[in-house]
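Raw contents of target-v5.txt, compact mmCIF, C-alpha atoms and all ligand atoms:
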# COMPACT_ATOMS: atom_id res chain seq x y z
CA MET Z 18 114.08 59.94 -161.68
CA ASN Z 19 117.57 60.14 -160.20
CA TYR Z 20 118.16 61.41 -156.70
CA ASN Z 21 121.33 61.85 -154.65
CA ILE Z 22 120.83 60.85 -151.06
CA ALA Z 23 123.42 61.49 -148.38
CA ILE Z 24 123.33 58.90 -145.62
CA ILE Z 25 124.82 59.71 -142.23
CA PRO Z 26 124.44 56.56 -140.12
CA GLY Z 27 126.02 58.21 -137.04
CA ASP Z 28 126.46 56.46 -133.69
CA GLY Z 29 124.93 53.66 -131.64
CA ILE Z 30 121.90 52.13 -133.34
CA GLY Z 31 122.08 54.75 -136.13
CA PRO Z 32 123.78 52.44 -138.66
CA GLU Z 33 121.32 49.57 -137.99
CA VAL Z 34 118.19 51.64 -138.35
CA THR Z 35 119.34 53.62 -141.40
CA ALA Z 36 120.22 50.31 -143.08
CA GLN Z 37 116.52 49.35 -142.77
CA ALA Z 38 115.38 52.73 -144.11
CA LYS Z 39 117.74 52.20 -147.04
CA LYS Z 40 116.11 48.81 -147.71
CA ALA Z 41 112.75 50.60 -147.87
CA LEU Z 42 114.18 53.21 -150.26
CA ASP Z 43 115.71 50.50 -152.45
CA ALA Z 44 112.35 48.75 -152.61
CA VAL Z 45 110.68 52.05 -153.58
CA ALA Z 46 113.33 52.59 -156.28
CA ASP Z 47 112.61 49.13 -157.71
CA GLU Z 48 108.88 49.36 -157.50
CA PHE Z 49 108.50 52.90 -158.87
CA GLY Z 50 111.46 53.01 -161.27
CA HIS Z 51 113.69 55.57 -159.55
CA THR Z 52 117.44 55.61 -158.98
CA PHE Z 53 118.71 56.60 -155.59
CA THR Z 54 122.46 57.20 -155.47
CA TYR Z 55 123.68 57.05 -151.88
CA THR Z 56 126.78 58.70 -150.48
CA GLN Z 57 127.76 57.85 -146.92
CA ALA Z 58 129.20 60.48 -144.61
CA LEU Z 59 130.55 60.63 -141.06
CA MET Z 60 129.18 62.61 -138.15
CA GLY Z 61 129.20 62.24 -134.36
CA ALA Z 62 131.35 60.07 -132.10
CA CYS Z 63 132.36 57.86 -135.04
CA ALA Z 64 133.61 60.97 -136.87
CA ILE Z 65 135.58 62.07 -133.79
CA ASP Z 66 137.19 58.62 -133.64
CA ALA Z 67 138.07 58.70 -137.34
CA THR Z 68 139.04 62.36 -137.83
CA GLY Z 69 139.00 64.16 -134.47
CA ASN Z 70 136.11 66.30 -135.77
CA PRO Z 71 132.40 65.53 -135.10
CA LEU Z 72 131.49 67.15 -138.43
CA PRO Z 73 134.22 66.76 -141.06
CA GLU Z 74 134.18 69.32 -143.91
CA GLU Z 75 133.61 66.49 -146.36
CA THR Z 76 130.29 65.64 -144.67
CA ILE Z 77 129.02 69.19 -145.21
CA ASP Z 78 130.06 69.02 -148.88
CA ILE Z 79 128.30 65.67 -149.39
CA CYS Z 80 125.14 67.02 -147.73
CA GLU Z 81 125.16 70.21 -149.78
CA ALA Z 82 125.46 68.20 -152.99
CA SER Z 83 122.53 65.93 -152.05
CA ASP Z 84 118.82 66.16 -152.81
CA ALA Z 85 118.09 64.95 -149.29
CA ILE Z 86 119.92 63.64 -146.24
CA LEU Z 87 119.00 60.59 -144.16
CA PHE Z 88 120.52 60.63 -140.70
CA GLY Z 89 120.55 57.92 -138.00
CA ALA Z 90 121.47 58.96 -134.47
CA ILE Z 91 124.21 60.69 -132.53
CA GLY Z 92 125.86 60.35 -129.13
CA HIS Z 93 128.08 58.08 -127.08
CA PRO Z 94 128.09 57.43 -123.30
CA LYS Z 95 131.80 58.19 -123.00
CA TYR Z 96 130.98 61.84 -123.74
CA ASP Z 97 127.68 61.95 -121.80
CA ASN Z 98 129.53 61.07 -118.63
CA ASP Z 99 132.34 63.54 -119.20
CA PRO Z 100 131.06 67.12 -118.83
CA SER Z 101 134.55 68.50 -119.41
CA ALA Z 102 134.96 66.91 -122.87
CA LYS Z 103 135.97 69.68 -125.32
CA VAL Z 104 134.69 67.89 -128.39
CA ARG Z 105 131.25 66.26 -128.27
CA PRO Z 106 129.38 64.18 -130.87
CA GLU Z 107 126.24 66.35 -130.61
CA GLN Z 108 128.24 69.38 -131.80
CA GLY Z 109 128.36 67.65 -135.19
CA LEU Z 110 124.58 67.61 -135.56
CA LEU Z 111 124.14 71.12 -134.21
CA ARG Z 112 126.78 72.48 -136.59
CA LEU Z 113 125.28 70.62 -139.52
CA ARG Z 114 121.83 72.08 -138.77
CA LYS Z 115 123.38 75.53 -138.55
CA SER Z 116 125.65 75.28 -141.61
CA LEU Z 117 122.83 73.98 -143.82
CA GLY Z 118 120.34 76.45 -142.34
CA LEU Z 119 117.87 73.71 -141.32
CA PHE Z 120 115.70 76.05 -139.28
CA CYS Z 121 112.42 74.13 -139.30
CA ASN Z 122 112.09 70.78 -137.58
CA VAL Z 123 108.80 68.97 -138.18
CA ARG Z 124 107.85 66.15 -135.81
CA PRO Z 125 104.52 64.47 -136.55
CA VAL Z 126 102.95 62.53 -133.68
CA LYS Z 127 99.89 60.36 -133.86
CA ALA Z 128 98.27 57.63 -131.83
CA TYR Z 129 98.36 54.54 -134.05
CA GLU Z 130 95.14 52.60 -133.44
CA GLN Z 131 97.18 49.35 -133.41
CA LEU Z 132 99.43 50.66 -130.63
CA ILE Z 133 97.03 52.42 -128.33
CA GLU Z 134 97.37 49.71 -125.69
CA ASN Z 135 101.18 50.18 -125.76
CA SER Z 136 100.97 53.69 -124.44
CA PRO Z 137 100.92 54.11 -120.65
CA LEU Z 138 98.18 56.70 -121.29
CA LYS Z 139 94.53 55.68 -121.38
CA ARG Z 140 92.85 54.86 -124.69
CA GLU Z 141 90.12 57.49 -124.19
CA ILE Z 142 92.78 60.17 -123.73
CA ILE Z 143 95.01 59.45 -126.71
CA SER Z 144 92.65 57.90 -129.25
CA GLY Z 145 92.56 60.18 -132.31
CA ALA Z 146 95.56 62.30 -131.25
CA ASP Z 147 97.29 63.60 -134.37
CA MET Z 148 99.59 66.61 -134.23
CA SER Z 149 102.59 68.07 -135.94
CA ILE Z 150 105.23 69.82 -133.86
CA TYR Z 151 107.08 72.66 -135.60
CA ARG Z 152 110.28 73.16 -133.62
CA GLU Z 153 112.64 76.05 -134.46
CA LEU Z 154 116.04 74.41 -134.91
CA THR Z 155 118.86 76.88 -135.47
CA GLY Z 156 118.31 79.55 -132.81
CA GLY Z 157 117.53 80.08 -129.16
CA ILE Z 158 119.48 78.79 -126.20
CA TYR Z 159 121.09 76.00 -128.23
CA PHE Z 160 123.10 78.54 -130.20
CA GLY Z 161 123.40 81.46 -127.73
CA GLU Z 162 126.64 82.63 -126.21
CA LYS Z 163 127.99 80.07 -123.75
CA ASN Z 164 130.18 80.97 -120.81
CA LEU Z 165 131.90 79.24 -117.97
CA SER Z 166 133.70 81.44 -115.46
CA ASP Z 167 137.43 80.87 -115.00
CA ASP Z 168 136.88 79.41 -111.53
CA GLY Z 169 134.25 77.03 -112.94
CA GLN Z 170 131.58 78.31 -110.52
CA ILE Z 171 129.20 80.08 -112.92
CA ALA Z 172 127.92 79.02 -116.30
CA SER Z 173 125.51 80.73 -118.68
CA ASP Z 174 123.75 80.05 -122.00
CA GLY Z 175 122.25 83.00 -123.81
CA CYS Z 176 118.91 82.82 -125.60
CA SER Z 177 118.03 85.17 -128.42
CA TYR Z 178 115.57 85.20 -131.33
CA SER Z 179 115.03 87.65 -134.16
CA VAL Z 180 111.73 88.48 -135.84
CA GLU Z 181 113.11 86.94 -139.01
CA GLU Z 182 113.96 83.62 -137.32
CA ILE Z 183 110.46 83.47 -135.81
CA SER Z 184 108.63 84.54 -138.98
CA ARG Z 185 110.09 82.01 -141.38
CA ILE Z 186 109.05 79.00 -139.31
CA ALA Z 187 105.74 80.59 -138.31
CA HIS Z 188 104.74 80.87 -141.97
CA LEU Z 189 105.53 77.19 -142.51
CA ALA Z 190 103.49 76.21 -139.44
CA PHE Z 191 100.45 78.21 -140.58
CA LYS Z 192 100.71 76.73 -144.08
CA GLU Z 193 100.80 73.23 -142.60
CA ALA Z 194 97.74 74.04 -140.45
CA GLN Z 195 95.85 75.15 -143.59
CA ASN Z 196 96.23 71.60 -144.88
CA ARG Z 197 95.29 70.02 -141.55
CA ARG Z 198 92.71 70.95 -138.90
CA LYS Z 199 93.47 74.69 -139.13
CA LYS Z 200 94.81 75.33 -135.66
CA VAL Z 201 98.21 76.56 -134.49
CA THR Z 202 99.19 76.52 -130.82
CA LEU Z 203 102.22 78.62 -129.95
CA VAL Z 204 104.04 77.13 -126.97
CA ASP Z 205 106.17 79.64 -125.09
CA LYS Z 206 106.92 81.11 -121.67
CA ALA Z 207 105.75 84.65 -122.39
CA ASN Z 208 104.93 85.30 -118.73
CA VAL Z 209 108.69 85.19 -118.00
CA LEU Z 210 110.88 85.35 -121.11
CA GLU Z 211 111.49 88.34 -123.38
CA THR Z 212 112.19 86.02 -126.32
CA SER Z 213 108.78 84.38 -125.79
CA ARG Z 214 107.07 87.78 -125.85
CA LEU Z 215 108.72 88.47 -129.22
CA TRP Z 216 107.45 85.08 -130.45
CA ARG Z 217 103.89 85.94 -129.35
CA LYS Z 218 103.93 89.38 -130.95
CA THR Z 219 105.45 88.13 -134.22
CA VAL Z 220 103.28 85.03 -134.52
CA THR Z 221 100.10 86.99 -133.70
CA ALA Z 222 100.87 89.45 -136.51
CA ILE Z 223 101.60 86.64 -138.99
CA GLY Z 224 98.43 84.82 -137.93
CA LYS Z 225 96.39 87.69 -139.41
CA GLU Z 226 97.62 86.59 -142.86
CA TYR Z 227 96.00 83.19 -142.25
CA PRO Z 228 92.49 84.14 -141.06
CA GLU Z 229 91.11 80.62 -141.51
CA VAL Z 230 93.67 79.23 -139.03
CA ALA Z 231 92.85 79.57 -135.33
CA LEU Z 232 95.81 80.61 -133.20
CA ASP Z 233 96.08 79.97 -129.50
CA PHE Z 234 98.86 80.16 -126.93
CA LEU Z 235 100.04 77.94 -124.10
CA PHE Z 236 102.82 78.41 -121.61
CA VAL Z 237 105.24 75.53 -121.95
CA ASP Z 238 104.63 74.19 -118.43
CA ASN Z 239 100.91 74.05 -119.08
CA ALA Z 240 101.51 72.62 -122.57
CA ALA Z 241 103.54 69.78 -121.03
CA MET Z 242 100.55 68.95 -118.84
CA GLN Z 243 97.97 69.35 -121.62
CA MET Z 244 99.98 67.00 -123.82
CA ILE Z 245 99.19 64.18 -121.40
CA LEU Z 246 95.75 65.33 -120.22
CA ASN Z 247 94.18 66.16 -123.56
CA PRO Z 248 96.47 65.60 -126.56
CA THR Z 249 93.65 65.59 -129.13
CA GLN Z 250 93.31 69.37 -128.70
CA PHE Z 251 96.57 69.87 -130.65
CA ASP Z 252 96.90 70.23 -134.41
CA VAL Z 253 100.08 72.19 -135.26
CA ILE Z 254 102.29 73.15 -132.31
CA LEU Z 255 104.77 75.92 -133.02
CA THR Z 256 107.61 76.45 -130.60
CA GLU Z 257 111.22 77.44 -130.04
CA ASN Z 258 114.19 75.12 -130.03
CA LEU Z 259 114.52 73.90 -126.44
CA PHE Z 260 110.79 73.69 -125.69
CA GLY Z 261 110.32 71.73 -128.92
CA ASP Z 262 113.07 69.31 -127.97
CA ILE Z 263 111.40 68.59 -124.65
CA ILE Z 264 107.73 68.41 -125.62
CA SER Z 265 108.43 66.24 -128.67
CA ASP Z 266 110.02 63.53 -126.51
CA GLU Z 267 107.02 63.83 -124.20
CA ALA Z 268 104.61 63.59 -127.14
CA SER Z 269 106.25 60.37 -128.29
CA VAL Z 270 104.55 58.59 -125.36
CA ILE Z 271 101.24 59.13 -127.17
CA GLY Z 272 102.52 57.13 -130.12
CA GLY Z 273 103.30 54.17 -127.89
CA SER Z 274 107.06 54.24 -128.51
CA ILE Z 275 109.74 56.82 -129.17
CA GLY Z 276 110.97 54.28 -131.72
CA LEU Z 277 108.23 55.46 -134.06
CA LEU Z 278 108.81 59.17 -134.26
CA ALA Z 279 110.30 60.55 -137.44
CA SER Z 280 111.31 64.10 -138.20
CA ALA Z 281 112.24 66.40 -141.05
CA SER Z 282 114.62 69.35 -140.67
CA VAL Z 283 114.26 71.72 -143.56
CA GLY Z 284 115.96 74.89 -144.71
CA LYS Z 285 115.91 76.89 -147.92
CA GLU Z 286 118.30 74.62 -149.84
CA ASN Z 287 118.63 71.35 -147.92
CA ALA Z 288 116.60 68.91 -145.90
CA LEU Z 289 117.57 66.23 -143.42
CA PHE Z 290 115.42 63.37 -142.15
CA GLU Z 291 116.01 61.62 -138.84
CA PRO Z 292 114.31 59.74 -136.03
CA ILE Z 293 113.80 61.82 -132.89
CA HIS Z 294 115.27 59.04 -130.74
CA GLY Z 295 118.90 59.01 -129.68
CA SER Z 296 121.71 56.54 -130.26
CA PHE Z 297 120.40 53.99 -127.67
CA PRO Z 298 123.90 52.68 -126.83
CA GLN Z 299 122.59 49.75 -124.78
CA ALA Z 300 120.96 48.30 -127.89
CA THR Z 301 123.82 48.86 -130.31
CA GLY Z 302 124.57 45.86 -132.50
CA LYS Z 303 121.90 43.68 -130.85
CA ASP Z 304 119.36 43.82 -133.67
CA ILE Z 305 116.65 44.95 -131.24
CA ALA Z 306 116.24 48.66 -132.02
CA ASN Z 307 112.99 49.74 -133.65
CA PRO Z 308 113.76 50.82 -137.24
CA LEU Z 309 110.32 52.36 -137.88
CA ALA Z 310 111.26 55.93 -136.94
CA SER Z 311 114.07 55.77 -139.49
CA ILE Z 312 111.80 54.16 -142.08
CA LEU Z 313 109.13 56.82 -141.46
CA SER Z 314 111.87 59.45 -141.80
CA ALA Z 315 112.60 57.95 -145.23
CA ALA Z 316 108.88 58.38 -146.03
CA MET Z 317 109.14 62.06 -145.08
CA LEU Z 318 112.22 62.28 -147.30
CA LEU Z 319 110.22 60.88 -150.23
CA ARG Z 320 107.46 63.43 -149.62
CA HIS Z 321 110.06 66.17 -149.65
CA LEU Z 322 111.13 64.95 -153.09
CA ASN Z 323 107.46 65.15 -154.12
CA LEU Z 324 107.26 61.35 -154.31
CA HIS Z 325 103.92 61.14 -152.53
CA LYS Z 326 102.69 57.80 -153.86
CA GLU Z 327 106.01 56.31 -152.84
CA ALA Z 328 105.81 57.82 -149.35
CA ASP Z 329 102.22 56.55 -148.96
CA LYS Z 330 103.44 53.06 -149.78
CA VAL Z 331 106.15 53.16 -147.11
CA GLU Z 332 103.66 54.43 -144.53
CA GLU Z 333 101.18 51.74 -145.53
CA ALA Z 334 103.90 49.12 -145.01
CA VAL Z 335 104.61 50.50 -141.54
CA GLU Z 336 100.92 50.42 -140.62
CA LYS Z 337 100.72 46.87 -141.88
CA SER Z 338 103.69 45.76 -139.80
CA LEU Z 339 102.05 47.27 -136.72
CA GLU Z 340 98.71 45.67 -137.51
CA LEU Z 341 100.33 42.25 -137.87
CA GLY Z 342 102.54 42.67 -134.82
CA PHE Z 343 105.64 42.39 -136.96
CA SER Z 344 107.52 44.64 -134.56
CA THR Z 345 110.54 44.98 -132.31
CA ALA Z 346 110.43 44.36 -128.56
CA ASP Z 347 109.51 47.93 -127.57
CA ILE Z 348 106.14 47.38 -129.25
CA ASN Z 349 105.81 43.62 -129.24
CA PRO Z 350 107.62 42.30 -126.14
CA GLU Z 351 105.92 38.89 -126.28
CA ASN Z 352 106.95 37.91 -129.76
CA PRO Z 353 109.59 40.39 -130.91
CA PHE Z 354 111.16 40.54 -134.35
CA GLY Z 355 114.69 41.80 -134.96
CA THR Z 356 115.55 45.22 -136.41
CA SER Z 357 116.60 43.77 -139.70
CA LYS Z 358 113.60 41.41 -139.98
CA VAL Z 359 111.26 44.37 -139.58
CA GLY Z 360 113.23 46.15 -142.33
CA ASP Z 361 112.89 43.05 -144.54
CA PHE Z 362 109.15 42.96 -143.94
CA ILE Z 363 108.72 46.63 -144.90
CA ALA Z 364 110.79 46.22 -148.09
CA ASP Z 365 108.95 43.04 -148.98
CA TYR Z 366 105.57 44.69 -148.46
CA ILE Z 367 106.56 47.63 -150.69
CA LEU Z 368 107.52 45.19 -153.44
CA ASN Z 369 104.73 42.61 -152.99
CA PRO Z 370 101.92 43.74 -150.69
CA GLU Z 371 99.68 40.81 -151.60
CA ASP Z 372 102.33 38.15 -151.11
CA THR Z 373 103.47 39.65 -147.85
CA ASN Z 374 99.95 39.38 -146.50
CA ARG Z 375 99.55 35.83 -147.70
CA ASN Z 376 102.89 34.69 -146.39
CA PHE Z 377 102.55 36.29 -143.06
CA ASN Z 378 101.74 33.08 -141.21
CA ASN Z 379 104.80 31.44 -142.68
CA ILE Z 380 106.97 34.37 -141.72
CA PHE Z 381 105.71 34.09 -138.18
CA ALA Z 382 106.60 30.43 -138.13
CA GLY Z 383 110.14 31.34 -139.16
CA GLN Z 384 109.73 29.84 -142.63
CA SER Z 385 110.08 33.13 -144.38
CA THR Z 386 111.61 33.41 -147.79
CA ILE Z 387 111.43 37.18 -147.76
CA ILE Z 388 114.52 39.01 -148.95
C1 LIG I 1 117.08 65.95 -131.01
C2 LIG I 1 118.25 65.61 -130.15
C3 LIG I 1 119.33 66.68 -130.33
C4 LIG I 1 118.74 67.99 -129.88
C5 LIG I 1 120.65 66.38 -129.62
C6 LIG I 1 121.22 65.05 -130.01
C7 LIG I 1 121.67 67.47 -129.82
O1 LIG I 1 117.86 65.48 -128.82
O2 LIG I 1 117.24 66.02 -132.24
O3 LIG I 1 115.99 66.15 -130.47
O4 LIG I 1 118.74 68.31 -128.67
O5 LIG I 1 118.27 68.75 -130.73
MN MN I 2 115.74 65.64 -128.46
Would you mind giving the structure from this file in structure tokens?
Ligand code: IPM
Ligand code: MN
Amino acid sequence: MNYNIAIIPGDGIGPEVTAQAKKALDAVADEFGHTFTYTQALMGACAIDATGNPLPEETIDICEASDAILFGAIGHPKYDNDPSAKVRPEQGLLRLRKSLGLFCNVRPVKAYEQLIENSPLKREIISGADMSIYRELTGGIYFGEKNLSDDGQIASDGCSYSVEEISRIAHLAFKEAQNRRKKVTLVDKANVLETSRLWRKTVTAIGKEYPEVALDFLFVDNAAMQMILNPTQFDVILTENLFGDIISDEASVIGGSIGLLASASVGKENALFEPIHGSFPQATGKDIANPLASILSAAMLLRHLNLHKEADKVEEAVEKSLELGFSTADINPENPFGTSKVGDFIADYILNPEDTNRNFNNIFAGQSTII
């Protein structure tokens, strides 16, 4: 089959990691007889430099015309350290999410057996943890009315949610739970926030349509603690935009590295796939960033296109690289491999799993002939 894939490399390590994900997609295309036609587009600090706009119109058009979007990372320190900047790279991503209606952000987190010792958390706490965070992505405080008083002394960000915004992601979360361990945990702050009380009421009512799924509730402060104390209790976590942003970074500690966490942002018409990590400016161009989150995002992209066998293969390659220690320094500080070598390994494994296994000792000795 033919698929149009928009690639937005973005800033910092974005271009390096998406290049590895593209290698994996190319290998899948070869191995399974598909054609992926890529179109590159600009977003973020690089788009501001080139056009003055963090999200050029052309990027939206390319994304709308695509079957799926692969995105790298966004952000640059020159904006982070300048709170008065009028144009910011992150506005590009937020506007893209909004213009494409990507309301549902899915962030799967699991403790990889091979990486348990990498996590600062104890094995007995994280072993077996496997959850999927459903983060609402186009509402809440991220998109509320923003104000800064003329004298610069008072600022405010409004937070609002409608029943419709809550319902559409709640249905997706319950459907996901039906295919998993049949539990949804709504994370909110209903003891304080009106919006959270609307979430509870709406999600409780929707839960009745899914009687086989257990629904429970946690206040976000408690959820942040439970994530570290007892992460295996979670199956599907459903939450609003800002809480989801925070607890998904926290949850990445369970996986042993934030460099492993992929995500899908889906709407009615479009879907975008991206690592949850940022642009990691200190690592830019050094060939040290972990490409696995981007590669696993490509696997989620394949699943979205209903290419499940293909996605399984990519995930198998990732597991294999972890098992063999064919990993970047965040995971394998003693004997690290470069970003692009890890990408080569994954592509090679997709094309020739047997050979890759056999040749592994040679690869380690630097005698690799892999692509
Ligand atoms: C994420 C990021 C973004 C967010 C930033 C870059 C705007 O942290 O995707 O989690 O806050 O949503
Ligand atoms: Mn984030």
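Distances here use all atoms listed in the file; by that measure, the residue among Z:Leu341, Z:Ile223, Z:Leu319, Z:Ala128 closest to Z:Ala41 is Z:Leu319.
With all atoms listed in the file counted, the chains near ligand MN 2 (chain I) contribute these residues within 9 Å: Leu259, Gly261, Asp262, Ile263, Ile264, Ser265, Asp266, Ile293, His294 and Gly295 of chain Z.
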Can you check which parts of chain Z lie within 10 Å of ligand LIG 1 (chain I)? Per residue, the shortest pair of atoms and distance in Å to one decimal, counting only C-alpha atoms and all ligand atoms, sorted by chain and number, as CSV.
residue,atom,partner,partner_atom,distance
Z:Gly61,CA,I:LIG1,C6,9.5
Z:Ala90,CA,I:LIG1,C6,7.6
Z:Ile91,CA,I:LIG1,C6,5.9
Z:Gly92,CA,I:LIG1,C6,6.7
Z:Arg105,CA,I:LIG1,C7,9.8
Z:Pro106,CA,I:LIG1,C6,8.3
Z:Glu107,CA,I:LIG1,C7,4.8
Z:Gln108,CA,I:LIG1,C7,7.1
Z:Gly109,CA,I:LIG1,C7,8.6
Z:Leu110,CA,I:LIG1,C7,6.4
Z:Leu111,CA,I:LIG1,C7,6.2
Z:Arg112,CA,I:LIG1,C7,9.9
Z:Arg114,CA,I:LIG1,O5,9.4
Z:Asn122,CA,I:LIG1,O2,8.8
Z:Arg124,CA,I:LIG1,O3,9.7
Z:Arg152,CA,I:LIG1,O5,9.6
Z:Glu153,CA,I:LIG1,O5,9.9
Z:Leu154,CA,I:LIG1,O5,7.4
Z:Thr155,CA,I:LIG1,O5,9.4
Z:Tyr159,CA,I:LIG1,O4,8.1
Z:Asn258,CA,I:LIG1,O5,7.6
Z:Leu259,CA,I:LIG1,O4,7.4
Z:Gly261,CA,I:LIG1,O3,8.1
Z:Asp262,CA,I:LIG1,O3,5.0
Z:Ile263,CA,I:LIG1,O3,7.8
Z:Ile264,CA,I:LIG1,O3,9.8
Z:Ser265,CA,I:LIG1,O3,7.8
Z:Asp266,CA,I:LIG1,O3,7.6
Z:Ser280,CA,I:LIG1,O2,8.6
Z:Ser282,CA,I:LIG1,O2,9.4
Z:Glu291,CA,I:LIG1,O2,8.0
Z:Pro292,CA,I:LIG1,O2,7.9
Z:Ile293,CA,I:LIG1,O3,5.4
Z:His294,CA,I:LIG1,C1,7.1
Z:Gly295,CA,I:LIG1,C6,6.5
Z:Ser296,CA,I:LIG1,C6,8.5
Selection near Z:Phe362, 9 Å with all atoms listed in the file, sequence-local residues under 4 positions removed, as a ChimeraX atom specification: /Z:334,338,343,357-358,366-367,373,387-388
Long-range neighbours of Z:Ile22 as a list in words, 9 Å cut-off, all atoms listed in the file, 3 positions minimum in chain: Phe53, Thr54, Tyr55, Thr56, Gln57, Cys80, Ala82, Ser83, Asp84, Ala85, Ile86 and Leu87 of chain Z
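We find atom CA of Z:Val123 and atom CA of Z:Leu277 to be spaced 14.1 Å apart.
Taking all atoms listed in the file into account, the protein, DNA and RNA residues within 9 Å of (95.6, 69.1, -132.1) read Ala146, Asp147, Met148, Ser149, Arg198, Lys200, Val201, Thr202, Pro248, Thr249, Gln250, Phe251, Asp252, Val253 and Ile254 of chain Z.
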All residues 8 Å or closer to Z:Thr221, all atoms listed in the file, same chain fewer than 4 positions away omitted, as a list in words: Arg217, Lys225 and Leu232 of chain Z
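The gap separating atom CA of Z:Cys121 from atom CA of Z:Ala190 is 9.2 Å, in Å to one decimal.
Taking atom CA of Z:Ser311 and atom CA of Z:Phe88 as the two end points, the separation is 8.2 Å.
Between Z:Ala36 and the candidates Z:Gly360, Z:Val126, Z:Leu215, Z:Phe234, the tightest atom-to-atom separation, counting all atoms listed in the file, involves Z:Gly360.
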The residue from Z:Leu309, Z:Leu289, Z:Val283, Z:Met242 with the smallest atom-to-atom distance to Z:Thr345, counting all atoms listed in the file, is Z:Leu309
Can you work out which one of Z:Ala38, Z:Ile77, Z:Ile305, Z:Ile142 has the shortest atom-to-atom distance to Z:Leu113, counting all atoms listed in the file? Z:Ile77
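With distances restricted to all atoms listed in the file, Z:Thr256 is the closest residue to Z:Glu182 from Z:Gln131, Z:Thr256, Z:Ser101, Z:Thr52.
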Using only C-alpha atoms, determine which residues lie at most 9 Å from Z:Pro73, disregarding the query and same-chain residues fewer than 3 positions distant; provide the list as an NGL selection string. :Z and (58-60 or 64-65 or 68-70 or 76-77 or 109)
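Nearest-residue note for Z:Glu340: choosing from Z:Leu132, Z:Leu203, Z:Glu74, Z:Asn307, the minimum distance belongs to Z:Leu132, counting all atoms listed in the file.
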